[in-house]
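Trainee: What follows is upload_37.pdb; its format and atoms are PDB, C-alpha atoms.
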ATOM      1  CA  MET C  97       0.000   0.000   0.000
ATOM      2  CA  LYS C  98       1.334   3.373  -0.936
ATOM      3  CA  THR C  99       1.130   5.774   1.929
ATOM      4  CA  ASN C 100       1.389   9.480   1.542
ATOM      5  CA  LYS C 101       1.728  11.856   4.455
ATOM      6  CA  ILE C 102       0.862  15.345   3.367
ATOM      7  CA  LYS C 103       1.236  18.367   5.632
ATOM      8  CA  TRP C 104      -0.177  21.860   5.314
ATOM      9  CA  ARG C 105       0.485  24.474   7.943
ATOM     10  CA  TYR C 106      -1.525  27.403   9.227
ATOM     11  CA  VAL C 107       0.294  29.980  11.291
ATOM     12  CA  GLY C 108      -1.408  32.201  13.849
ATOM     13  CA  LEU C 109       0.514  35.247  15.060
ATOM     14  CA  ILE C 110       0.276  36.993  18.413
ATOM     15  CA  MET C 111       1.926  40.372  18.756
ATOM     16  CA  ALA C 112       3.301  41.759  22.018
ATOM     17  CA  GLY C 113       5.113  45.015  22.693
ATOM     18  CA  ALA C 114       7.407  46.506  25.339
ATOM     19  CA  LEU C 115       6.031  48.800  28.017
ATOM     20  CA  VAL C 116       7.586  52.195  28.815
ATOM     21  CA  ALA C 117       6.437  54.343  31.788
ATOM     22  CA  SER C 118       7.153  58.045  32.528
ATOM     23  CA  ILE C 119       6.302  60.387  35.418
ATOM     24  CA  VAL C 120       6.791  64.127  36.174
ATOM     25  CA  ILE C 121       8.022  65.034  39.712
ATOM     26  CA  GLY C 122       8.242  68.594  41.116
ATOM     27  CA  GLY C 123       8.350  70.255  37.747
ATOM     28  CA  THR C 124      11.415  68.283  36.757
ATOM     29  CA  LEU C 125      10.984  65.666  34.120
ATOM     30  CA  ALA C 126      12.408  62.413  35.345
ATOM     31  CA  TYR C 127      12.031  59.165  33.474
ATOM     32  CA  PHE C 128      11.584  55.917  35.277
ATOM     33  CA  THR C 129      11.945  53.302  32.605
ATOM     34  CA  ASP C 130      11.357  49.651  32.325
ATOM     35  CA  LYS C 131      11.570  47.215  29.491
ATOM     36  CA  THR C 132       9.728  43.960  29.450
ATOM     37  CA  GLU C 133      10.231  41.429  26.672
ATOM     38  CA  VAL C 134       7.554  38.882  26.083
ATOM     39  CA  TYR C 135       8.475  35.799  24.093
ATOM     40  CA  ASN C 136       5.508  34.122  22.498
ATOM     41  CA  SER C 137       5.503  30.465  21.614
ATOM     42  CA  PHE C 138       3.717  30.036  18.323
ATOM     43  CA  VAL C 139       1.769  26.800  17.901
ATOM     44  CA  PHE C 140       1.764  25.713  14.278
ATOM     45  CA  GLY C 141      -1.373  24.008  13.084
ATOM     46  CA  ASN C 142      -0.637  21.054  10.879
ATOM     47  CA  VAL C 143      -2.642  18.788   8.657
ATOM     48  CA  GLU C 144      -1.364  15.240   8.808
ATOM     49  CA  ILE C 145      -3.371  12.423   7.295
ATOM     50  CA  VAL C 146      -2.868   8.697   7.594
ATOM     51  CA  PRO C 147      -4.368   6.432   4.913
ATOM     52  CA  ASN C 148      -5.147   2.845   5.797
ATOM     53  CA  GLU C 149      -6.787  -0.301   4.423
ATOM     54  CA  PRO C 150      -7.447  -2.231   7.657
ATOM     55  CA  ASN C 151      -8.678  -5.449   6.053
ATOM     56  CA  TRP C 152      -6.454  -5.574   2.964
ATOM     57  CA  ASP C 153      -3.911  -8.395   2.760
ATOM     58  CA  PRO C 154      -1.602  -7.828  -0.231
ATOM     59  CA  GLU C 155      -0.290 -11.393   0.038
ATOM     60  CA  ASP C 156      -3.672 -13.000  -0.697
ATOM     61  CA  PRO C 157      -3.761 -14.879  -4.046
ATOM     62  CA  PHE C 158      -6.427 -13.616  -6.426
ATOM     63  CA  VAL C 159      -8.547 -15.658  -8.847
ATOM     64  CA  PRO C 160     -11.361 -14.600 -11.230
ATOM     65  CA  ASN C 161     -14.725 -13.843  -9.584
ATOM     66  CA  GLU C 162     -13.139 -13.844  -6.122
ATOM     67  CA  GLU C 163     -13.866 -10.951  -3.785
ATOM     68  CA  VAL C 164     -11.152  -9.771  -1.411
ATOM     69  CA  PRO C 165     -11.354  -7.036   1.247
ATOM     70  CA  LYS C 166      -9.827  -3.705   0.251
ATOM     71  CA  ASP C 167     -11.107  -0.703   2.188
ATOM     72  CA  PRO C 168      -9.216   2.584   1.737
ATOM     73  CA  GLN C 169      -9.968   5.404   4.154
ATOM     74  CA  ILE C 170      -8.244   8.394   5.733
ATOM     75  CA  ALA C 171      -7.686   9.401   9.355
ATOM     76  CA  ASN C 172      -6.814  12.880  10.634
ATOM     77  CA  ASN C 173      -3.558  12.642  12.573
ATOM     78  CA  GLY C 174      -2.988  16.397  12.785
ATOM     79  CA  ASN C 175      -4.162  19.127  15.113
ATOM     80  CA  THR C 176      -6.503  21.016  12.789
ATOM     81  CA  GLU C 177      -9.521  20.147  10.669
ATOM     82  CA  ALA C 178      -8.912  18.959   7.099
ATOM     83  CA  VAL C 179     -10.682  18.536   3.762
ATOM     84  CA  VAL C 180      -9.556  15.279   2.146
ATOM     85  CA  PHE C 181      -9.478  13.688  -1.298
ATOM     86  CA  ILE C 182      -8.639  10.327  -2.868
ATOM     87  CA  LYS C 183      -7.400   9.821  -6.417
ATOM     88  CA  LEU C 184      -8.090   6.267  -7.553
ATOM     89  CA  GLN C 185      -6.588   4.623 -10.633
ATOM     90  CA  VAL C 186      -8.058   1.328 -11.823
ATOM     91  CA  PRO C 187      -6.143  -0.728 -14.424
ATOM     92  CA  VAL C 188      -7.631  -1.210 -17.890
ATOM     93  CA  ASP C 189      -6.714  -4.038 -20.251
ATOM     94  CA  THR C 190      -8.047  -6.042 -23.173
ATOM     95  CA  PHE C 191      -9.384  -9.504 -22.320
ATOM     96  CA  THR C 192     -12.006 -12.041 -23.340
ATOM     97  CA  ALA C 193     -14.807 -11.995 -20.797
ATOM     98  CA  VAL C 194     -16.632 -15.029 -19.437
ATOM     99  CA  ASN C 195     -20.395 -14.612 -19.090
ATOM    100  CA  ASP C 196     -22.221 -15.403 -15.854
ATOM    101  CA  ASP C 197     -23.510 -18.662 -17.374
ATOM    102  CA  GLY C 198     -19.929 -19.773 -18.081
ATOM    103  CA  THR C 199     -20.003 -19.176 -21.819
ATOM    104  CA  LYS C 200     -17.324 -17.257 -23.654
ATOM    105  CA  GLY C 201     -18.067 -13.569 -23.986
ATOM    106  CA  ASP C 202     -16.726 -10.766 -26.115
ATOM    107  CA  GLU C 203     -13.261  -9.337 -26.178
ATOM    108  CA  VAL C 204     -13.407  -6.061 -24.274
ATOM    109  CA  THR C 205     -11.069  -3.284 -23.207
ATOM    110  CA  ASP C 206     -12.235  -2.473 -19.726
ATOM    111  CA  GLU C 207     -11.375  -2.161 -16.047
ATOM    112  CA  ILE C 208     -10.342  -5.613 -14.833
ATOM    113  CA  PHE C 209     -11.838  -5.183 -11.332
ATOM    114  CA  TRP C 210     -15.190  -4.325  -9.847
ATOM    115  CA  LEU C 211     -14.859  -2.125  -6.777
ATOM    116  CA  LYS C 212     -17.732  -2.657  -4.380
ATOM    117  CA  SER C 213     -19.344  -1.427  -1.214
ATOM    118  CA  LYS C 214     -20.056  -4.127   1.360
ATOM    119  CA  ASP C 215     -23.742  -4.139   0.399
ATOM    120  CA  VAL C 216     -23.085  -5.506  -3.109
ATOM    121  CA  PRO C 217     -23.003  -9.352  -3.142
ATOM    122  CA  ASP C 218     -20.437 -11.288  -5.154
ATOM    123  CA  SER C 219     -23.176 -12.381  -7.568
ATOM    124  CA  GLU C 220     -23.743  -8.782  -8.671
ATOM    125  CA  HIS C 221     -21.054  -7.736 -11.096
ATOM    126  CA  ARG C 222     -20.853  -3.962 -10.849
ATOM    127  CA  THR C 223     -18.817  -1.188  -9.301
ATOM    128  CA  GLN C 224     -20.409   0.744  -6.442
ATOM    129  CA  PHE C 225     -18.619   3.236  -4.216
ATOM    130  CA  ASN C 226     -19.572   4.488  -0.772
ATOM    131  CA  ASP C 227     -20.543   7.812  -2.312
ATOM    132  CA  VAL C 228     -23.381  10.246  -1.724
ATOM    133  CA  GLU C 229     -25.513   8.316  -4.202
ATOM    134  CA  HIS C 230     -25.312   5.279  -1.911
ATOM    135  CA  ASP C 231     -25.667   6.853   1.555
ATOM    136  CA  GLY C 232     -21.940   7.573   1.860
ATOM    137  CA  ASN C 233     -19.972  10.804   2.097
ATOM    138  CA  TRP C 234     -17.607  10.536  -0.863
ATOM    139  CA  VAL C 235     -18.372  12.767  -3.853
ATOM    140  CA  LEU C 236     -17.158  11.907  -7.357
ATOM    141  CA  LEU C 237     -15.473  15.031  -8.704
ATOM    142  CA  SER C 238     -14.108  13.701 -11.986
ATOM    143  CA  LYS C 239     -13.501  10.532 -13.976
ATOM    144  CA  THR C 240     -11.056  10.158 -16.841
ATOM    145  CA  ASP C 241     -11.117   7.042 -18.999
ATOM    146  CA  GLY C 242      -7.823   5.453 -20.001
ATOM    147  CA  ALA C 243      -9.550   3.857 -23.017
ATOM    148  CA  GLU C 244      -6.685   1.607 -24.105
ATOM    149  CA  ALA C 245      -5.017  -1.560 -22.845
ATOM    150  CA  GLY C 246      -2.352  -0.920 -20.241
ATOM    151  CA  SER C 247      -3.874   2.376 -19.134
ATOM    152  CA  TYR C 248      -5.897   3.402 -16.088
ATOM    153  CA  ASN C 249      -9.313   4.892 -15.479
ATOM    154  CA  THR C 250      -8.789   7.722 -13.001
ATOM    155  CA  TYR C 251     -11.369   8.803 -10.439
ATOM    156  CA  LEU C 252     -11.109  11.814  -8.132
ATOM    157  CA  PHE C 253     -13.238  11.812  -4.982
ATOM    158  CA  GLY C 254     -13.681  14.455  -2.310
ATOM    159  CA  TYR C 255     -15.117  13.879   1.153
ATOM    160  CA  GLN C 256     -18.122  16.121   1.737
ATOM    161  CA  LYS C 257     -17.432  16.527   5.466
ATOM    162  CA  ALA C 258     -14.232  18.003   6.858
ATOM    163  CA  LEU C 259     -12.360  15.691   9.205
ATOM    164  CA  GLY C 260     -12.176  16.980  12.752
ATOM    165  CA  THR C 261      -9.209  16.382  14.991
ATOM    166  CA  SER C 262      -8.799  12.977  16.621
ATOM    167  CA  GLU C 263      -8.737  12.069  20.298
ATOM    168  CA  GLY C 264      -5.931   9.619  19.624
ATOM    169  CA  HIS C 265      -2.716   9.752  17.622
ATOM    170  CA  ILE C 266      -1.071   7.262  15.278
ATOM    171  CA  SER C 267       2.596   6.797  16.105
ATOM    172  CA  ASN C 268       3.554   4.620  13.116
ATOM    173  CA  VAL C 269       1.878   6.119  10.066
ATOM    174  CA  LEU C 270       3.130   3.382   7.741
ATOM    175  CA  HIS C 271       1.644   0.580   9.819
ATOM    176  CA  PRO C 272      -1.153   1.965  11.992
ATOM    177  CA  ASP C 273      -1.850   0.047  15.170
ATOM    178  CA  ASP C 274      -5.416  -1.310  15.314
ATOM    179  CA  ALA C 275      -6.080   0.143  18.764
ATOM    180  CA  GLU C 276      -4.766   3.567  17.747
ATOM    181  CA  TRP C 277      -6.740   3.449  14.494
ATOM    182  CA  ALA C 278      -9.970   2.848  16.427
ATOM    183  CA  GLU C 279      -9.501   6.168  18.261
ATOM    184  CA  MET C 280      -9.063   8.253  15.119
ATOM    185  CA  THR C 281     -11.442  10.614  13.344
ATOM    186  CA  LYS C 282     -11.654   9.104   9.866
ATOM    187  CA  THR C 283     -13.616   8.961   6.637
ATOM    188  CA  ASP C 284     -15.918   6.252   5.439
ATOM    189  CA  THR C 285     -14.210   3.647   3.295
ATOM    190  CA  LEU C 286     -14.249   4.613  -0.386
ATOM    191  CA  PHE C 287     -15.125   0.995  -1.171
ATOM    192  CA  ASP C 288     -14.910  -2.221   0.852
ATOM    193  CA  LYS C 289     -13.838  -4.998  -1.495
ATOM    194  CA  VAL C 290     -12.628  -5.734  -5.003
ATOM    195  CA  GLN C 291     -13.653  -8.527  -7.353
ATOM    196  CA  LEU C 292     -11.513  -9.687 -10.254
ATOM    197  CA  LYS C 293     -13.604 -10.023 -13.396
ATOM    198  CA  ASN C 294     -13.991 -13.448 -14.954
ATOM    199  CA  PHE C 295     -11.932 -13.864 -18.111
ATOM    200  CA  VAL C 296     -10.748 -16.579 -20.467
ATOM    201  CA  GLU C 297      -7.458 -17.957 -19.210
ATOM    202  CA  GLY C 298      -4.453 -16.467 -20.923
ATOM    203  CA  THR C 299      -6.172 -13.262 -22.047
ATOM    204  CA  LEU C 300      -4.962 -11.281 -19.023
ATOM    205  CA  LEU C 301      -1.266 -11.472 -18.315
ATOM    206  CA  GLY C 302       0.983  -9.412 -16.081
ATOM    207  CA  ASP C 303       0.838  -7.592 -12.763
ATOM    208  CA  TYR C 304      -1.906  -5.083 -12.065
ATOM    209  CA  ASN C 305      -2.110  -2.395  -9.412
ATOM    210  CA  ILE C 306      -5.011  -0.387  -8.073
ATOM    211  CA  LYS C 307      -3.355   2.951  -7.356
ATOM    212  CA  LEU C 308      -4.514   5.220  -4.542
ATOM    213  CA  GLU C 309      -3.290   8.716  -3.718
ATOM    214  CA  PHE C 310      -4.481  10.627  -0.666
ATOM    215  CA  TYR C 311      -4.614  14.414  -0.269
ATOM    216  CA  ALA C 312      -5.566  16.876   2.458
ATOM    217  CA  ILE C 313      -5.729  20.619   2.936
ATOM    218  CA  GLN C 314      -6.610  22.735   5.970
ATOM    219  CA  ALA C 315     -10.367  23.191   6.330
ATOM    220  CA  GLN C 316     -10.421  26.787   7.585
ATOM    221  CA  TYR C 317      -9.414  30.062   5.910
ATOM    222  CA  LEU C 318      -9.664  28.751   2.366
ATOM    223  CA  THR C 319     -10.609  31.391  -0.182
ATOM    224  CA  ASP C 320     -11.154  31.293  -3.915
ATOM    225  CA  VAL C 321      -9.678  33.688  -6.479
ATOM    226  CA  ASN C 322     -12.356  36.255  -5.606
ATOM    227  CA  GLY C 323     -11.556  36.136  -1.919
ATOM    228  CA  ASP C 324     -14.761  34.289  -0.996
ATOM    229  CA  ASP C 325     -14.534  31.899   1.947
ATOM    230  CA  LEU C 326     -15.013  28.366   0.607
ATOM    231  CA  THR C 327     -15.504  26.612   3.928
ATOM    232  CA  GLU C 328     -17.372  29.195   6.010
ATOM    233  CA  LYS C 329     -20.364  26.853   6.321
ATOM    234  CA  LEU C 330     -18.140  24.305   8.106
ATOM    235  CA  PHE C 331     -17.535  26.822  10.910
ATOM    236  CA  PRO C 332     -20.832  28.514  11.834
ATOM    237  CA  ASN C 333     -20.107  31.280  14.344
ATOM    238  CA  GLY C 334     -16.463  30.210  14.203
ATOM    239  CA  VAL C 335     -17.159  26.770  15.654
ATOM    240  CA  PHE C 336     -16.420  23.611  13.659
ATOM    241  CA  ASP C 337     -19.532  21.632  12.674
ATOM    242  CA  GLU C 338     -18.579  18.012  11.989
ATOM    243  CA  ASN C 339     -21.889  17.380  10.187
ATOM    244  CA  ALA C 340     -21.727  20.310   7.765
ATOM    245  CA  THR C 341     -21.130  19.312   4.137
ATOM    246  CA  LEU C 342     -19.520  20.789   1.039
ATOM    247  CA  ASP C 343     -21.007  20.431  -2.432
ATOM    248  CA  ALA C 344     -19.196  18.960  -5.409
ATOM    249  CA  GLN C 345     -18.298  22.281  -7.005
ATOM    250  CA  THR C 346     -16.806  23.634  -3.777
ATOM    251  CA  LEU C 347     -14.743  20.468  -3.394
ATOM    252  CA  ARG C 348     -13.499  20.817  -6.985
ATOM    253  CA  THR C 349     -12.432  24.399  -6.284
ATOM    254  CA  ILE C 350     -10.642  23.391  -3.090
ATOM    255  CA  TYR C 351      -8.828  20.565  -4.853
ATOM    256  CA  GLY C 352      -7.838  23.048  -7.528
ATOM    257  CA  LEU C 353      -6.209  25.187  -4.829
ATOM    258  CA  TYR C 354      -4.250  22.156  -3.680
ATOM    259  CA  ALA C 355      -3.220  20.792  -7.054
ATOM    260  CA  GLY C 356      -3.116  24.026  -9.038
ATOM    261  CA  VAL C 357      -5.459  22.596 -11.687
ATOM    262  CA  ASP C 358      -9.085  22.863 -12.705
ATOM    263  CA  VAL C 359     -11.174  19.763 -12.089
ATOM    264  CA  VAL C 360     -13.409  18.606 -14.930
ATOM    265  CA  THR C 361     -16.963  17.663 -14.024
ATOM    266  CA  ALA C 362     -17.863  14.022 -14.586
ATOM    267  CA  GLU C 363     -20.706  11.689 -13.726
ATOM    268  CA  TYR C 364     -20.177   8.050 -12.848
ATOM    269  CA  THR C 365     -22.607   5.725 -14.602
ATOM    270  CA  GLU C 366     -23.257   2.678 -12.457
ATOM    271  CA  ILE C 367     -23.314  -0.659 -14.283
ATOM    272  CA  PRO C 368     -26.487  -2.628 -13.420
ATOM    273  CA  ALA C 369     -25.840  -6.260 -12.548
ATOM    274  CA  GLU C 370     -27.952  -7.614 -15.393
ATOM    275  CA  GLU C 371     -26.092  -5.647 -18.052
ATOM    276  CA  SER C 372     -22.750  -6.251 -19.707
ATOM    277  CA  SER C 373     -19.593  -5.577 -17.722
ATOM    278  CA  GLU C 374     -18.508  -3.032 -20.311
ATOM    279  CA  PRO C 375     -19.243   0.452 -18.886
ATOM    280  CA  ASP C 376     -21.314   3.078 -20.614
ATOM    281  CA  GLU C 377     -19.450   6.192 -21.590
ATOM    282  CA  PRO C 378     -19.932   8.639 -18.690
ATOM    283  CA  GLU C 379     -21.370  12.048 -19.423
ATOM    284  CA  LYS C 380     -18.881  14.842 -19.029
ATOM    285  CA  GLY C 381     -19.391  18.526 -18.640
ATOM    286  CA  GLY C 382     -17.054  21.302 -19.519
ATOM    287  CA  ASP C 383     -14.195  22.679 -17.501
ATOM    288  CA  GLU C 384     -15.279  24.307 -14.273
ATOM    289  CA  PRO C 385     -13.765  27.654 -13.394
TER     290      PRO C 385
END
Before anything else, please render the file you have as structure tokens.
Mentor:
Amino acid sequence: MKTNKIKWRYVGLIMAGALVASIVIGGTLAYFTDKTEVYNSFVFGNVEIVPNEPNWDPEDPFVPNEEVPKDPQIANNGNTEAVVFIKLQVPVDTFTAVNDDGTKGDEVTDEIFWLKSKDVPDSEHRTQFNDVEHDGNWVLLSKTDGAEAGSYNTYLFGYQKALGTSEGHISNVLHPDDAEWAEMTKTDTLFDKVQLKNFVEGTLLGDYNIKLEFYAIQAQYLTDVNGDDLTEKLFPNGVFDENATLDAQTLRTIYGLYAGVDVVTAEYTEIPAEESSEPDEPEKGGDEP
């Protein structure tokens, strides 16, 4: 599992000055002086995220139609609230599919895995994320199709709630301890399991990786190019509301601040179980400002 630890810092400044006193005695100006120096300790806010897949075992062998646990999520290991994102890349290749009745299917160029929430049984061959369309909190911000063998379909998700600070702390960010992980403020899983598609033997060869990248940015004092506060609704009356949510366009703008790019609108078209495993072309809008 690739683990990224990304830090953003917010600095608060406190100013203090020296005090000087003077007094006039008997018509003669006499100065009684004092100088006091105050040294302020500045506490730097930091955003530190820890990604984890608690039930994923990378050593498990994998055969067609088998489901294995894979459950990426993010915990807040810093001392300030954070808005978080996951970029997911799913491998695409050309293979001859096997139909559910065991007969030989068509040759397709497609994602070789279904990524599923825990509610989707192994008999249903479709991808379903824990997104807002399925009672989750992840929001699909964009999807880019790789289209050719050896490429990747790339999904960008944002979490509609900012992550508050955690009561606990993870000491080993590369291998989080289960007890420490249980004490963390964390996202829902993006998905819970993966299923390798059924294919004719010999038509898929090589090693394949599902790539995950994790991003975070401070949740407060984020402004767009016009100076408008993007996350004001997360802090009504200056107090963090863990249940407040951000819409897709706001999340795209925030990610653009992080990555320095515009995010293209995209809609994910779910593949019904009774239909072919080849996905419909998703509808795409134009570039968002």
Trainee: May I ask which of the residues C:Ala178, C:Ala243, C:Val186, C:Met280 is the closest one to Lys307 (chain C), counting all atoms listed in the file?
Mentor: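 Looking at the shortest contact to Lys307 (chain C), the residue is C:Val186.
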Trainee: With distances taken over all atoms listed in the file, which residue among C:Thr199, C:Asn294, C:Ser219, C:Gln185 lies nearest Ser247 (chain C)?
Mentor: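 Once distances to Ser247 (chain C) are computed over all atoms listed in the file, the minimum belongs to C:Gln185.
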Trainee: Quick one: apply the PyMOL selection byres ((chain C and resi 152) around 9) to the file and drop the selected residues here as number ranges by chain.
Mentor: C: 148-151, 153-156, 164-168, 289
Trainee: Applied to this file, what does the PyMOL selection byres ((chain C and resi 218) around 12) return in terms of residues, put as an MDAnalysis selection string?
Mentor: chainID C and resid 160:165 196 210:217 219:223 289:294 369
Trainee: Written as a count of residues only, which residues does the PyMOL selection byres ((chain C and resi 260-270) around 12) give for the file shown?
Mentor: 54
Trainee: Find the distance between CA of Phe295 (chain C) and CA of Gly246 (chain C) and write it in Å to one decimal.
Mentor: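 Result for CA of Phe295 (chain C) versus CA of Gly246 (chain C): 16.2 Å, one decimal.
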Trainee: Would you work out the distance separating CA of Leu236 (chain C) from CA of Asn322 (chain C), expressed in Å to one decimal?
Mentor: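 That distance, rounded to one decimal, is 24.9 Å.
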Trainee: For a quick check of understanding, using only C-alpha atoms, which of C:Asp189, C:Glu207, C:Asp202, C:Asp197 has the smallest distance to Asn249 (chain C)?
Mentor: C:Glu207
Trainee: Kindly indicate which residue among C:Phe310, C:Tyr317, C:Phe253, C:Phe158 lies nearest to Val228 (chain C), using only C-alpha atoms for the distances.
Mentor: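 Under the stated criterion, the closest residue is C:Phe253.
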Trainee: Counting all atoms listed in the file, I want the residues whose atoms come within 9 Å of (-5.2, 10.2, -7.2) in the file frame, returned as a PyMOL selection string.
Mentor: chain C and resi 181-185+250-253+307-311
Trainee: What is the CA of Pro187 (chain C)-CA of Tyr304 (chain C) distance in Å, reported with one decimal?
Mentor: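 Going from CA of Pro187 (chain C) over to CA of Tyr304 (chain C), I get 6.5 Å.
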Trainee: Could you check which of C:Thr346, C:Asp206, C:Asn233, C:Val194 is closest to Asp325 (chain C), using only C-alpha atoms?
Mentor: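 Using only C-alpha atoms, the shortest distance to Asp325 (chain C) belongs to C:Thr346.
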Trainee: Please provide as a list in words all residues within 10 Å of Asp343 (chain C), with the sequence filter that same-chain residues fewer than 5 positions apart are discarded (counting all atoms listed in the file).
Mentor: Val235, Leu237, Gly254, Tyr255, Gln256, Lys257 and Arg348 of chain C
Trainee: List as a ChimeraX atom specification the protein and nucleic acid residues near Thr205 (chain C), meaning an atom at most 7 Å away when all atoms listed in the file are counted, but skip any in the same chain fewer than 3 places from it.
Mentor: /C:188-191,244-245
Trainee: Kindly output region 201-214 of chain C as a CSV table (one decimal), keeping the file's coordinate frame, after building N, CA and C atoms.
Mentor:
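Saved to rebuild38.csv:
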chain,number,residue,atom,x,y,z
C,201,GLY,N,-17.5,-14.9,-23.6
C,201,GLY,CA,-18.1,-13.6,-24.0
C,201,GLY,C,-17.2,-12.9,-25.0
C,202,ASP,N,-17.4,-11.6,-25.1
C,202,ASP,CA,-16.7,-10.8,-26.1
C,202,ASP,C,-15.4,-10.3,-25.6
C,203,GLU,N,-14.5,-10.0,-26.5
C,203,GLU,CA,-13.3,-9.3,-26.2
C,203,GLU,C,-13.6,-7.9,-25.9
C,204,VAL,N,-13.1,-7.4,-24.7
C,204,VAL,CA,-13.4,-6.1,-24.3
C,204,VAL,C,-12.1,-5.4,-23.8
C,205,THR,N,-12.1,-4.1,-23.9
C,205,THR,CA,-11.1,-3.3,-23.2
C,205,THR,C,-11.8,-2.5,-22.1
C,206,ASP,N,-11.4,-2.9,-20.9
C,206,ASP,CA,-12.2,-2.5,-19.7
C,206,ASP,C,-11.4,-2.5,-18.4
C,207,GLU,N,-12.0,-1.9,-17.4
C,207,GLU,CA,-11.4,-2.2,-16.0
C,207,GLU,C,-11.4,-3.6,-15.7
C,208,ILE,N,-10.4,-4.2,-15.1
C,208,ILE,CA,-10.3,-5.6,-14.8
C,208,ILE,C,-10.9,-6.0,-13.5
C,209,PHE,N,-11.3,-4.9,-12.7
C,209,PHE,CA,-11.8,-5.2,-11.3
C,209,PHE,C,-13.2,-4.5,-11.2
C,210,TRP,N,-14.1,-5.1,-10.4
C,210,TRP,CA,-15.2,-4.3,-9.8
C,210,TRP,C,-14.8,-3.9,-8.4
C,211,LEU,N,-15.1,-2.7,-8.1
C,211,LEU,CA,-14.9,-2.1,-6.8
C,211,LEU,C,-16.2,-1.9,-6.1
C,212,LYS,N,-16.4,-2.5,-4.9
C,212,LYS,CA,-17.7,-2.7,-4.4
C,212,LYS,C,-17.8,-2.2,-2.9
C,213,SER,N,-19.0,-1.6,-2.6
C,213,SER,CA,-19.3,-1.4,-1.2
C,213,SER,C,-19.7,-2.8,-0.6
C,214,LYS,N,-19.8,-2.9,0.7
C,214,LYS,CA,-20.1,-4.1,1.4
C,214,LYS,C,-21.5,-4.6,1.1
